[in-house]
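Data block for run-v2.txt (compact mmCIF, C-alpha atoms and all ligand atoms):
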# COMPACT_ATOMS: atom_id res chain seq x y z
CA MET A 922 0.00 0.00 0.00
CA ILE A 923 3.00 2.35 0.22
CA LYS A 924 4.44 1.31 -3.13
CA GLY A 925 5.65 4.28 -5.17
CA LYS A 926 5.65 6.70 -2.23
CA THR A 927 8.63 9.00 -1.76
CA ILE A 928 9.95 8.84 1.77
CA VAL A 929 12.77 10.91 3.23
CA VAL A 930 14.45 9.18 6.17
CA GLY A 931 16.48 11.44 8.45
CA VAL A 932 19.19 9.70 10.47
CA THR A 933 20.84 11.51 13.36
CA GLY A 934 23.83 10.66 15.54
CA GLY A 935 22.67 8.04 18.00
CA ILE A 936 23.67 4.42 18.40
CA ALA A 937 20.22 3.35 17.17
CA ALA A 938 21.29 4.66 13.73
CA TYR A 939 22.29 1.09 12.88
CA LYS A 940 18.61 0.09 13.05
CA SER A 941 17.76 2.65 10.37
CA CYS A 942 19.48 0.41 7.82
CA GLN A 943 16.80 -2.24 8.35
CA LEU A 944 14.08 0.41 8.29
CA VAL A 945 15.35 1.80 4.98
CA SER A 946 15.71 -1.70 3.55
CA ASP A 947 12.11 -2.59 4.54
CA LEU A 948 10.77 0.62 2.98
CA VAL A 949 12.65 -0.09 -0.25
CA LYS A 950 11.30 -3.68 -0.24
CA GLU A 951 7.76 -2.28 -0.04
CA GLY A 952 8.45 -0.30 -3.23
CA CYS A 953 9.13 3.15 -1.79
CA ASP A 954 11.53 5.66 -3.29
CA VAL A 955 13.67 6.27 -0.21
CA HIS A 956 16.12 9.15 0.24
CA VAL A 957 18.33 9.23 3.32
CA VAL A 958 19.56 12.46 4.91
CA MET A 959 22.21 12.10 7.60
CA THR A 960 23.56 14.60 10.07
CA ALA A 961 27.34 14.94 10.33
CA ASN A 962 27.23 13.07 13.67
CA ALA A 963 25.25 10.18 12.17
CA ARG A 964 28.23 9.53 9.89
CA ASN A 965 30.22 8.56 12.98
CA PHE A 966 27.88 5.61 13.42
CA ILE A 967 27.01 4.54 9.87
CA ASN A 968 28.80 5.01 6.58
CA PRO A 969 26.57 6.75 4.00
CA ILE A 970 27.57 4.06 1.50
CA THR A 971 25.29 1.65 3.37
CA PHE A 972 22.24 3.81 2.70
CA GLU A 973 23.37 4.62 -0.84
CA THR A 974 23.58 0.91 -1.60
CA LEU A 975 20.18 0.23 -0.05
CA THR A 976 18.34 3.13 -1.71
CA GLY A 977 20.21 3.66 -4.98
CA HIS A 978 20.36 7.39 -4.18
CA LYS A 979 23.13 9.60 -2.97
CA CYS A 980 22.95 10.04 0.78
CA LEU A 981 22.48 13.71 1.61
CA THR A 982 24.48 15.18 4.43
CA ASP A 983 25.67 18.67 3.75
CA THR A 984 23.76 21.71 2.45
CA PHE A 985 26.87 22.90 0.64
CA ASP A 986 27.78 19.57 -0.96
CA ARG A 987 29.36 20.50 -4.34
CA ASP A 988 28.68 17.04 -5.83
CA PHE A 989 25.02 17.59 -5.39
CA GLU A 990 23.87 18.84 -8.77
CA PHE A 991 21.22 21.31 -7.76
CA ASN A 992 21.76 23.03 -4.48
CA VAL A 993 18.04 23.74 -4.21
CA GLU A 994 17.28 20.07 -4.77
CA HIS A 995 16.79 19.49 -1.06
CA VAL A 996 13.84 21.86 -1.06
CA ALA A 997 12.36 20.17 -4.13
CA LEU A 998 12.76 16.73 -2.53
CA SER A 999 11.20 17.93 0.72
CA GLN A 1000 8.25 19.20 -1.22
CA ARG A 1001 7.64 16.14 -3.32
CA ALA A 1002 8.09 13.68 -0.43
CA ASP A 1003 4.98 11.87 0.81
CA LEU A 1004 6.49 11.43 4.24
CA PHE A 1005 9.46 12.54 6.30
CA LEU A 1006 10.62 10.19 9.05
CA ILE A 1007 13.49 10.97 11.43
CA ALA A 1008 14.69 7.77 13.11
CA PRO A 1009 16.56 7.89 15.38
CA ALA A 1010 15.96 11.50 16.38
CA THR A 1011 18.42 12.86 18.96
CA ALA A 1012 17.61 15.54 21.53
CA ASN A 1013 19.66 17.86 19.32
CA ILE A 1014 17.51 17.57 16.15
CA ILE A 1015 14.34 17.71 18.29
CA GLY A 1016 15.58 20.93 19.89
CA LYS A 1017 16.49 22.44 16.52
CA LEU A 1018 13.18 21.63 14.87
CA ALA A 1019 11.18 22.82 17.87
CA ASN A 1020 12.94 26.17 17.61
CA GLY A 1021 12.97 26.58 13.84
CA ILE A 1022 16.74 26.20 13.52
CA ALA A 1023 17.89 25.10 10.06
CA ASP A 1024 21.67 24.87 10.11
CA ASP A 1025 22.31 21.64 8.21
CA MET A 1026 20.79 19.56 5.44
CA LEU A 1027 18.40 17.55 7.63
CA SER A 1028 16.97 20.42 9.69
CA THR A 1029 16.69 22.59 6.54
CA MET A 1030 14.87 19.90 4.57
CA CYS A 1031 12.62 19.03 7.46
CA LEU A 1032 11.49 22.61 7.96
CA ALA A 1033 10.87 22.90 4.21
CA ALA A 1034 8.83 19.67 4.13
CA ASP A 1035 5.34 19.84 2.72
CA CYS A 1036 4.20 16.49 4.15
CA ASP A 1037 3.67 14.74 7.47
CA VAL A 1038 6.79 14.45 9.63
CA ILE A 1039 7.25 11.52 12.01
CA ILE A 1040 9.87 11.79 14.73
CA ALA A 1041 11.17 8.68 16.52
CA PRO A 1042 13.23 9.94 19.49
CA ALA A 1043 15.99 7.64 20.77
CA MET A 1044 18.40 8.69 23.48
CA ASN A 1045 19.52 8.11 27.05
CA THR A 1046 16.52 7.87 29.34
CA LYS A 1047 17.60 10.82 31.52
CA MET A 1048 17.88 12.96 28.40
CA TYR A 1049 14.49 11.78 27.20
CA VAL A 1050 12.68 12.65 30.42
CA ASN A 1051 14.49 15.99 30.70
CA SER A 1052 11.78 18.63 30.84
CA ILE A 1053 13.41 20.69 28.07
CA VAL A 1054 13.32 17.72 25.67
CA GLN A 1055 9.73 16.96 26.74
CA GLU A 1056 8.73 20.58 26.19
CA ASN A 1057 10.30 20.52 22.74
CA LEU A 1058 8.45 17.31 21.87
CA GLU A 1059 5.20 18.82 23.11
CA LYS A 1060 5.81 21.87 20.95
CA LEU A 1061 6.46 19.67 17.89
CA ARG A 1062 3.23 17.75 18.62
CA ARG A 1063 1.33 21.02 18.75
CA HIS A 1064 2.77 21.90 15.36
CA GLY A 1065 1.46 18.64 13.88
CA PHE A 1066 4.59 16.46 14.04
CA VAL A 1067 3.85 12.82 14.85
CA ILE A 1068 6.00 11.64 17.75
CA ILE A 1069 6.61 7.92 18.28
CA GLU A 1070 6.96 7.02 21.94
CA PRO A 1071 10.39 5.39 22.51
CA ALA A 1072 10.48 1.81 23.80
CA SER A 1073 11.75 0.90 27.27
CA GLY A 1074 14.53 -1.51 28.09
CA ARG A 1075 18.27 -1.71 28.44
CA LEU A 1076 19.88 1.17 26.61
CA ALA A 1077 23.25 1.14 24.87
CA CYS A 1078 24.75 3.28 27.66
CA GLY A 1079 23.86 0.56 30.21
CA ASP A 1080 20.92 2.44 31.77
CA ASP A 1081 17.48 0.88 31.92
CA GLY A 1082 14.47 2.92 30.93
CA LYS A 1083 12.60 4.67 28.17
CA GLY A 1084 14.66 5.85 25.20
CA LYS A 1085 15.11 2.93 22.82
CA LEU A 1086 14.19 3.25 19.16
CA PRO A 1087 11.08 1.05 18.81
CA ASP A 1088 11.33 -2.12 16.74
CA ILE A 1089 11.18 -1.66 12.98
CA PRO A 1090 7.63 -3.17 12.63
CA VAL A 1091 6.39 -0.42 14.95
CA LEU A 1092 8.06 2.28 12.83
CA MET A 1093 6.63 0.65 9.69
CA ALA A 1094 3.15 0.62 11.27
CA TYR A 1095 3.42 4.40 11.81
CA VAL A 1096 4.47 4.86 8.17
CA HIS A 1097 1.49 2.78 7.03
CA ARG A 1098 -0.94 4.65 9.23
CA GLN A 1099 0.33 7.97 7.93
CA ILE A 1100 0.36 7.30 4.19
CA ALA A 1101 -0.86 3.82 3.24
CA TYR A 1102 -4.59 4.36 3.30
CA GLY A 1103 -7.11 7.06 2.62
CA LYS A 1104 -8.62 8.30 5.85
CA ASP A 1105 -12.20 7.36 5.02
CA CYS A 1106 -12.92 6.25 8.62
CA ARG A 1107 -11.76 9.54 10.15
CA GLY A 1108 -14.26 10.88 12.66
CA LEU A 1109 -15.84 7.45 13.20
CA ARG A 1110 -15.77 5.69 16.55
CA ILE A 1111 -15.57 1.98 15.85
CA LEU A 1112 -15.97 -0.69 18.50
CA VAL A 1113 -14.70 -4.16 17.58
CA THR A 1114 -14.91 -7.33 19.66
CA ALA A 1115 -12.58 -10.24 19.09
CA GLY A 1116 -11.52 -13.64 20.36
CA PRO A 1117 -13.33 -16.19 22.46
CA THR A 1118 -14.71 -15.73 25.95
CA ALA A 1119 -13.66 -18.01 28.80
CA GLU A 1120 -16.37 -19.08 31.23
CA PRO A 1121 -14.86 -20.36 34.48
CA LEU A 1122 -16.16 -23.40 36.34
CA ASP A 1123 -13.64 -23.43 39.16
CA PRO A 1124 -10.12 -22.00 39.68
CA VAL A 1125 -8.75 -24.64 37.29
CA ARG A 1126 -11.26 -25.08 34.47
CA PHE A 1127 -13.19 -22.99 32.01
CA ILE A 1128 -15.37 -23.39 28.92
CA THR A 1129 -14.18 -21.66 25.78
CA ASN A 1130 -13.93 -22.12 21.99
CA HIS A 1131 -11.30 -22.18 19.24
CA SER A 1132 -11.40 -18.48 18.30
CA THR A 1133 -7.91 -16.91 18.11
CA GLY A 1134 -9.06 -13.31 17.59
CA LYS A 1135 -7.19 -12.88 14.29
CA MET A 1136 -10.20 -11.63 12.30
CA GLY A 1137 -11.30 -9.08 14.93
CA TYR A 1138 -7.74 -7.84 15.45
CA ALA A 1139 -7.32 -7.43 11.67
CA ILE A 1140 -10.53 -5.35 11.57
CA ALA A 1141 -9.43 -3.17 14.48
CA GLU A 1142 -6.06 -2.56 12.84
CA ALA A 1143 -7.57 -1.82 9.41
CA ALA A 1144 -10.06 0.63 10.90
CA SER A 1145 -7.36 2.47 12.83
CA LEU A 1146 -5.10 2.69 9.76
CA ARG A 1147 -8.04 4.27 7.95
CA GLY A 1148 -8.35 6.95 10.60
CA ALA A 1149 -11.08 5.63 12.92
CA GLU A 1150 -10.97 5.96 16.67
CA VAL A 1151 -10.96 2.26 17.54
CA THR A 1152 -11.77 0.40 20.75
CA LEU A 1153 -11.08 -3.31 20.73
CA VAL A 1154 -12.79 -5.41 23.40
CA SER A 1155 -10.89 -8.65 23.33
CA GLY A 1156 -11.39 -12.03 24.95
CA PRO A 1157 -8.31 -14.02 26.02
CA VAL A 1158 -6.00 -14.42 22.99
CA SER A 1159 -2.27 -14.55 22.51
CA LEU A 1160 -2.12 -11.64 20.05
CA ALA A 1161 -0.41 -8.35 20.90
CA PRO A 1162 -2.85 -5.43 21.06
CA PRO A 1163 -2.86 -3.63 17.72
CA LEU A 1164 -1.17 -0.24 17.69
CA PHE A 1165 -3.34 2.87 17.63
CA THR A 1166 -6.31 1.14 19.29
CA ASP A 1167 -7.68 1.25 22.80
CA CYS A 1168 -7.60 -2.43 23.78
CA VAL A 1169 -9.80 -3.64 26.64
CA ARG A 1170 -9.16 -7.22 27.78
CA VAL A 1171 -12.02 -9.32 29.14
CA GLN A 1172 -12.55 -12.94 30.13
CA THR A 1173 -16.25 -13.80 30.22
CA ALA A 1174 -19.33 -13.10 28.12
CA ASP A 1175 -20.70 -11.08 31.05
CA ASP A 1176 -17.53 -8.94 31.13
CA MET A 1177 -17.78 -8.40 27.38
CA PHE A 1178 -21.46 -7.44 27.68
CA ARG A 1179 -20.59 -4.84 30.32
CA GLU A 1180 -17.60 -3.33 28.46
CA VAL A 1181 -19.44 -3.15 25.12
CA THR A 1182 -22.77 -1.81 26.36
CA GLU A 1183 -20.99 0.86 28.44
CA ARG A 1184 -19.35 2.18 25.26
CA LEU A 1185 -22.28 1.64 22.93
CA PRO A 1186 -23.84 5.14 23.09
CA GLN A 1187 -20.53 6.68 21.89
CA THR A 1188 -20.08 4.11 19.09
CA ASP A 1189 -20.82 4.73 15.40
CA ILE A 1190 -19.99 1.25 14.14
CA LEU A 1191 -20.10 -1.94 16.21
CA ILE A 1192 -18.43 -5.01 14.75
CA MET A 1193 -19.01 -8.12 16.85
CA ALA A 1194 -16.33 -10.51 15.61
CA ALA A 1195 -15.95 -12.20 19.01
CA ALA A 1196 -17.09 -15.77 19.50
CA VAL A 1197 -19.09 -15.03 22.63
CA ALA A 1198 -20.18 -18.01 24.72
CA ASP A 1199 -23.94 -18.56 24.50
CA TYR A 1200 -23.88 -20.39 27.83
CA THR A 1201 -21.91 -20.05 31.03
CA PRO A 1202 -21.76 -22.30 34.12
CA GLU A 1203 -24.66 -21.52 36.43
CA SER A 1204 -22.34 -21.36 39.41
CA TYR A 1205 -18.64 -20.94 40.06
CA SER A 1206 -16.93 -23.17 42.60
CA GLU A 1207 -14.38 -21.33 44.77
CA HIS A 1208 -12.47 -24.58 45.13
CA LYS A 1209 -11.47 -27.13 42.56
CA ILE A 1210 -14.34 -29.49 41.79
CA LYS A 1211 -13.27 -32.99 42.83
CA LYS A 1212 -14.20 -36.02 40.78
CA SER A 1213 -16.47 -38.77 42.06
CA ASP A 1214 -17.16 -42.23 40.70
CA SER A 1215 -20.34 -41.18 38.94
CA ASP A 1216 -20.78 -39.12 35.76
CA MET A 1217 -21.54 -35.45 36.12
CA SER A 1218 -23.33 -32.74 34.19
CA ILE A 1219 -22.80 -29.00 34.47
CA PRO A 1220 -25.83 -26.72 34.68
CA LEU A 1221 -25.42 -23.80 32.25
CA ARG A 1222 -27.34 -20.57 31.97
CA ARG A 1223 -27.77 -18.43 28.85
CA THR A 1224 -25.49 -15.42 28.56
CA ARG A 1225 -26.91 -12.10 27.42
CA ASP A 1226 -26.69 -11.58 23.67
CA ILE A 1227 -24.59 -8.45 23.15
CA LEU A 1228 -25.35 -8.12 19.45
CA ALA A 1229 -29.09 -8.52 19.99
CA TYR A 1230 -28.95 -5.91 22.79
CA ALA A 1231 -27.08 -3.46 20.50
CA GLY A 1232 -29.59 -4.13 17.72
CA ALA A 1233 -32.55 -3.53 20.05
CA HIS A 1234 -31.06 -0.23 21.29
CA LYS A 1235 -29.66 0.93 17.93
CA GLN A 1236 -29.45 4.70 17.51
CA ALA A 1237 -29.86 6.56 14.22
CA HIS A 1238 -26.11 7.17 13.81
CA GLN A 1239 -25.14 3.54 14.41
CA THR A 1240 -24.27 0.71 12.06
CA ILE A 1241 -24.05 -2.80 13.47
CA CYS A 1242 -22.25 -5.78 12.01
CA GLY A 1243 -22.41 -9.28 13.45
CA PHE A 1244 -20.50 -12.40 12.56
CA SER A 1245 -21.88 -15.83 11.94
CA MET A 1246 -19.94 -19.05 11.76
CA GLU A 1247 -21.81 -22.09 10.56
CA THR A 1248 -21.12 -25.66 9.54
CA ARG A 1249 -24.25 -25.87 7.34
CA ASP A 1250 -27.06 -23.71 5.88
CA LEU A 1251 -24.72 -20.70 6.02
CA LEU A 1252 -26.89 -18.18 4.18
CA GLU A 1253 -30.18 -19.22 5.72
CA ASN A 1254 -28.89 -19.20 9.31
CA SER A 1255 -26.91 -16.00 8.85
CA SER A 1256 -29.79 -14.11 7.23
CA ARG A 1257 -31.97 -15.11 10.16
CA LYS A 1258 -29.44 -13.53 12.56
CA LEU A 1259 -29.42 -10.34 10.45
CA SER A 1260 -33.10 -9.75 11.12
CA SER A 1261 -33.49 -11.35 14.56
CA LYS A 1262 -30.64 -9.23 15.97
CA ASN A 1263 -31.53 -6.11 13.97
CA CYS A 1264 -28.05 -5.86 12.38
CA ASP A 1265 -27.12 -3.94 9.26
CA MET A 1266 -24.70 -6.58 8.09
CA ILE A 1267 -23.65 -10.12 8.94
CA ALA A 1268 -20.20 -11.39 7.95
CA ALA A 1269 -20.78 -15.09 7.51
CA ASN A 1270 -18.22 -17.79 7.16
CA SER A 1271 -18.42 -21.50 6.92
CA LEU A 1272 -16.18 -23.80 8.91
CA SER A 1273 -16.35 -26.27 6.04
CA ASP A 1274 -14.66 -23.84 3.59
CA SER A 1275 -10.96 -24.56 3.29
CA GLY A 1276 -8.85 -21.55 4.27
CA SER A 1277 -11.60 -20.21 6.56
CA GLY A 1278 -12.23 -20.58 10.24
CA PHE A 1279 -10.32 -20.61 13.49
CA GLY A 1280 -6.64 -19.72 13.58
CA THR A 1281 -6.14 -19.40 9.80
CA ASP A 1282 -4.59 -16.28 8.26
CA THR A 1283 -7.18 -16.29 5.49
CA ASN A 1284 -10.94 -16.15 5.38
CA ARG A 1285 -13.72 -16.46 2.84
CA ILE A 1286 -16.57 -14.33 4.10
CA THR A 1287 -19.99 -13.61 2.74
CA LEU A 1288 -21.33 -10.15 3.53
CA ILE A 1289 -25.08 -10.20 3.98
CA THR A 1290 -27.13 -7.02 4.16
CA ARG A 1291 -30.87 -6.51 3.68
CA GLU A 1292 -30.25 -5.51 0.07
CA GLN A 1293 -27.64 -7.98 -1.07
CA THR A 1294 -25.43 -10.97 -0.42
CA ARG A 1295 -21.85 -10.63 -1.57
CA GLN A 1296 -19.44 -13.53 -1.38
CA LEU A 1297 -15.80 -12.44 -1.18
CA ASP A 1298 -12.90 -14.48 -2.51
CA LEU A 1299 -10.49 -16.26 -0.23
CA LEU A 1300 -8.54 -13.29 1.20
CA THR A 1301 -6.02 -12.69 3.95
CA LYS A 1302 -7.82 -11.64 7.12
CA SER A 1303 -6.37 -8.15 6.68
CA GLU A 1304 -7.76 -7.89 3.12
CA ALA A 1305 -11.11 -9.28 4.27
CA ALA A 1306 -11.13 -6.68 7.08
CA HIS A 1307 -10.68 -3.84 4.58
CA ARG A 1308 -13.44 -5.20 2.32
CA LEU A 1309 -15.77 -5.49 5.30
CA LEU A 1310 -15.06 -1.86 6.21
CA ASP A 1311 -15.60 -0.77 2.57
CA GLU A 1312 -19.01 -2.41 2.65
CA LEU A 1313 -19.97 -0.85 5.99
CA LEU A 1314 -18.93 2.61 4.81
CA SER A 1315 -20.93 2.32 1.60
CA LEU A 1316 -23.90 1.08 3.63
CA ARG A 1317 -23.62 4.19 5.82
CA ASN A 1318 -23.30 6.38 2.75
CA ASN A 1319 -26.41 4.90 1.18
CA THR A 1320 -28.41 5.44 4.33
CA GLY A 1321 -27.11 8.98 4.87
CA LYS A 1322 -25.28 8.18 8.13
N1 LIG B 1 -23.03 -12.82 20.04
C1 LIG B 1 -23.20 -11.87 21.03
N2 LIG B 1 -23.49 -12.24 22.31
C2 LIG B 1 -23.65 -13.54 22.63
C3 LIG B 1 -23.49 -14.51 21.61
C4 LIG B 1 -23.16 -14.11 20.33
O1 LIG B 1 -23.05 -10.69 20.75
N3 LIG B 1 -23.94 -13.86 23.88
C5 LIG B 1 -22.70 -12.35 18.68
C6 LIG B 1 -21.37 -12.82 18.15
O2 LIG B 1 -20.33 -11.94 18.46
C7 LIG B 1 -21.63 -12.85 16.64
C8 LIG B 1 -23.08 -13.20 16.56
O3 LIG B 1 -23.65 -12.86 17.80
O4 LIG B 1 -21.47 -11.58 16.07
C9 LIG B 1 -23.28 -14.66 16.35
O5 LIG B 1 -24.62 -14.94 16.46
P1 LIG B 1 -25.15 -16.23 17.23
O6 LIG B 1 -26.58 -16.36 16.94
O7 LIG B 1 -24.80 -16.21 18.65
O8 LIG B 1 -24.28 -17.27 16.54
P2 LIG B 1 -24.10 -18.64 17.02
O9 LIG B 1 -23.70 -18.70 18.47
O10 LIG B 1 -23.19 -19.26 16.05
O11 LIG B 1 -25.63 -19.07 16.87
P3 LIG B 1 -26.24 -20.51 17.04
O12 LIG B 1 -25.74 -20.94 18.37
O13 LIG B 1 -27.68 -20.23 16.98
O14 LIG B 1 -25.68 -21.24 15.88
Write the structure described by the file as structure tokens, please.
Ligand code: CTP
Amino acid sequence: MIKGKTIVVGVTGGIAAYKSCQLVSDLVKEGCDVHVVMTANARNFINPITFETLTGHKCLTDTFDRDFEFNVEHVALSQRADLFLIAPATANIIGKLANGIADDMLSTMCLAADCDVIIAPAMNTKMYVNSIVQENLEKLRRHGFVIIEPASGRLACGDDGKGKLPDIPVLMAYVHRQIAYGKDCRGLRILVTAGPTAEPLDPVRFITNHSTGKMGYAIAEAASLRGAEVTLVSGPVSLAPPLFTDCVRVQTADDMFREVTERLPQTDILIMAAAVADYTPESYSEHKIKKSDSDMSIPLRRTRDILAYAGAHKQAHQTICGFSMETRDLLENSSRKLSSKNCDMIAANSLSDSGSGFGTDTNRITLITREQTRQLDLLTKSEAAHRLLDELLSLRNNTGK
């Protein structure tokens, strides 16, 4: 999605500069036209030849470089760039930019940039928490710069704390969020549920299902990349919370009911991708249930249906999408859920389709609305998530929401 974009990567003089090589390489692999600008100090850590080899472009370092054909080229490049990313950014470049100082190639180009600028600070933790640095970062934020929070851990200087350059996938996620997608979900508050629920019987046992949360997490991520304000209410899964979303972890169907219904009035789109337990043990034993010689059965009570509740209390600005997983009569059963739960769309998938179902990275979903039934091809869960959002947005458009 970032193929063909022009990205200027600024590298300043910190030990994390070595990680920028991987960043630049990953951007090039995704088809970007990458130009690297280094400060004089960055050259003490990395030889420009490394970046020149990776990008196929001369590495820019000095505003008065005589080899550089057009000395106004830096301004032209700044203006045609789709994104400017400084990683690692030292306290020095942060201080310069915050105060409008342009005394070398990087600070000059950055101030002339006509695109979004992302700053990834990396430095000693004491420097990072220094109130002057924090004030400078705050000032940059106010001026529209995107600041990536540094990671915590053991720093090169031996200290432990905040100040590490985040891992490259995190930096790439910021790049994607900034330029990979149109922002057609901006202004929308989207609530997504994902994963299974776990219904405890005693301190040792619980009833659950095979859901891994991959589909719901893919939807939450896609919506946030497209500019939505996303809350993800997740059952117990082993996935890391997606960046740029507010992730609320729950265990039981009752917990999920509470967390979702609390947020429902402020939600524009609800997407219930979670596999919520329909039944939960009637009682919970404080102590481990001991076996006896006879068989046993467990009394279960119905849980509250979150989707049906949302459908029954739907407000004019809301769009509601449920999921339906079936082993037979997919369309019939799913269409019934669409009307019985007063949803606007059901994303149906069949466990008997190869490539669909629990734990896979792909899915073949059928999107059912009152007007039409559209079967999508076998897609990655991320692609399927984007198609699902496309459909929900066009549904909202058609109904003037
Ligand atoms: N759902 C819910 N609250 C529940 C149970 C399910 O919100 N207590 C939601 C799921 O998140 C999903 C949809 O309802 O979006 C699934 O509908 P449902 O009728 O519960 O599906 P199944 O459990 O598969 O139905 P059945 O048991 O009738 O096959």
Margin query: Ranking A:Met1030, A:Ile1069, A:Ile1190, A:Leu1314 by minimum distance to Ala1237 (chain A) and counting all atoms listed in the file, which one comes first?
Written below: A:Ile1190
Note to self: Give me, as a list of chain:residue names, all polymer residues having an atom no more than 9 Å from Ser1256 (chain A), counting only C-alpha atoms and skipping those fewer than 2 positions away in the same chain.
What the structure shows: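 Non-adjacent residues within range: A:Leu1251, A:Leu1252, A:Glu1253, A:Asn1254, A:Lys1258, A:Leu1259, A:Ser1260, A:Ser1261, A:Ile1267, A:Ile1289, A:Thr1290, A:Arg1291.
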Within 9 Å of Ile1007 (chain A), counting all atoms listed in the file, which residues qualify if same-chain residues fewer than 6 places away don't, as a compact mmCIF listing (two decimals) with C-alpha atoms, in the coordinates of the input?
# COMPACT_ATOMS: atom_id res chain seq x y z
CA VAL A 929 12.77 10.91 3.23
CA VAL A 930 14.45 9.18 6.17
CA GLY A 931 16.48 11.44 8.45
CA VAL A 932 19.19 9.70 10.47
CA THR A 933 20.84 11.51 13.36
CA VAL A 1038 6.79 14.45 9.63
CA ILE A 1039 7.25 11.52 12.01
CA ILE A 1040 9.87 11.79 14.73
CA ALA A 1041 11.17 8.68 16.52
CA PRO A 1042 13.23 9.94 19.49
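Take the candidates A:Arg1249, A:Arg1184, A:Lys926, A:His995 and check each one against ligand LIG 1 (chain B) using all atoms listed in the file; the shortest distance goes to A:Arg1249.
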Notebook entry, point to check: Hey, which residues come within 10 Å of ligand LIG 1 (chain B) if we count all atoms listed in the file? Could you give them as a PyMOL selection string?
Noted result: chain A and resi 1113-1118+1173-1175+1177-1178+1181+1191-1201+1223-1232+1241-1249+1251+1254-1255+1257-1259+1261-1262+1264+1266-1269
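In this structure, CA of Gln1187 (chain A) sits 28.2 Å away from CA of Gln1293 (chain A).
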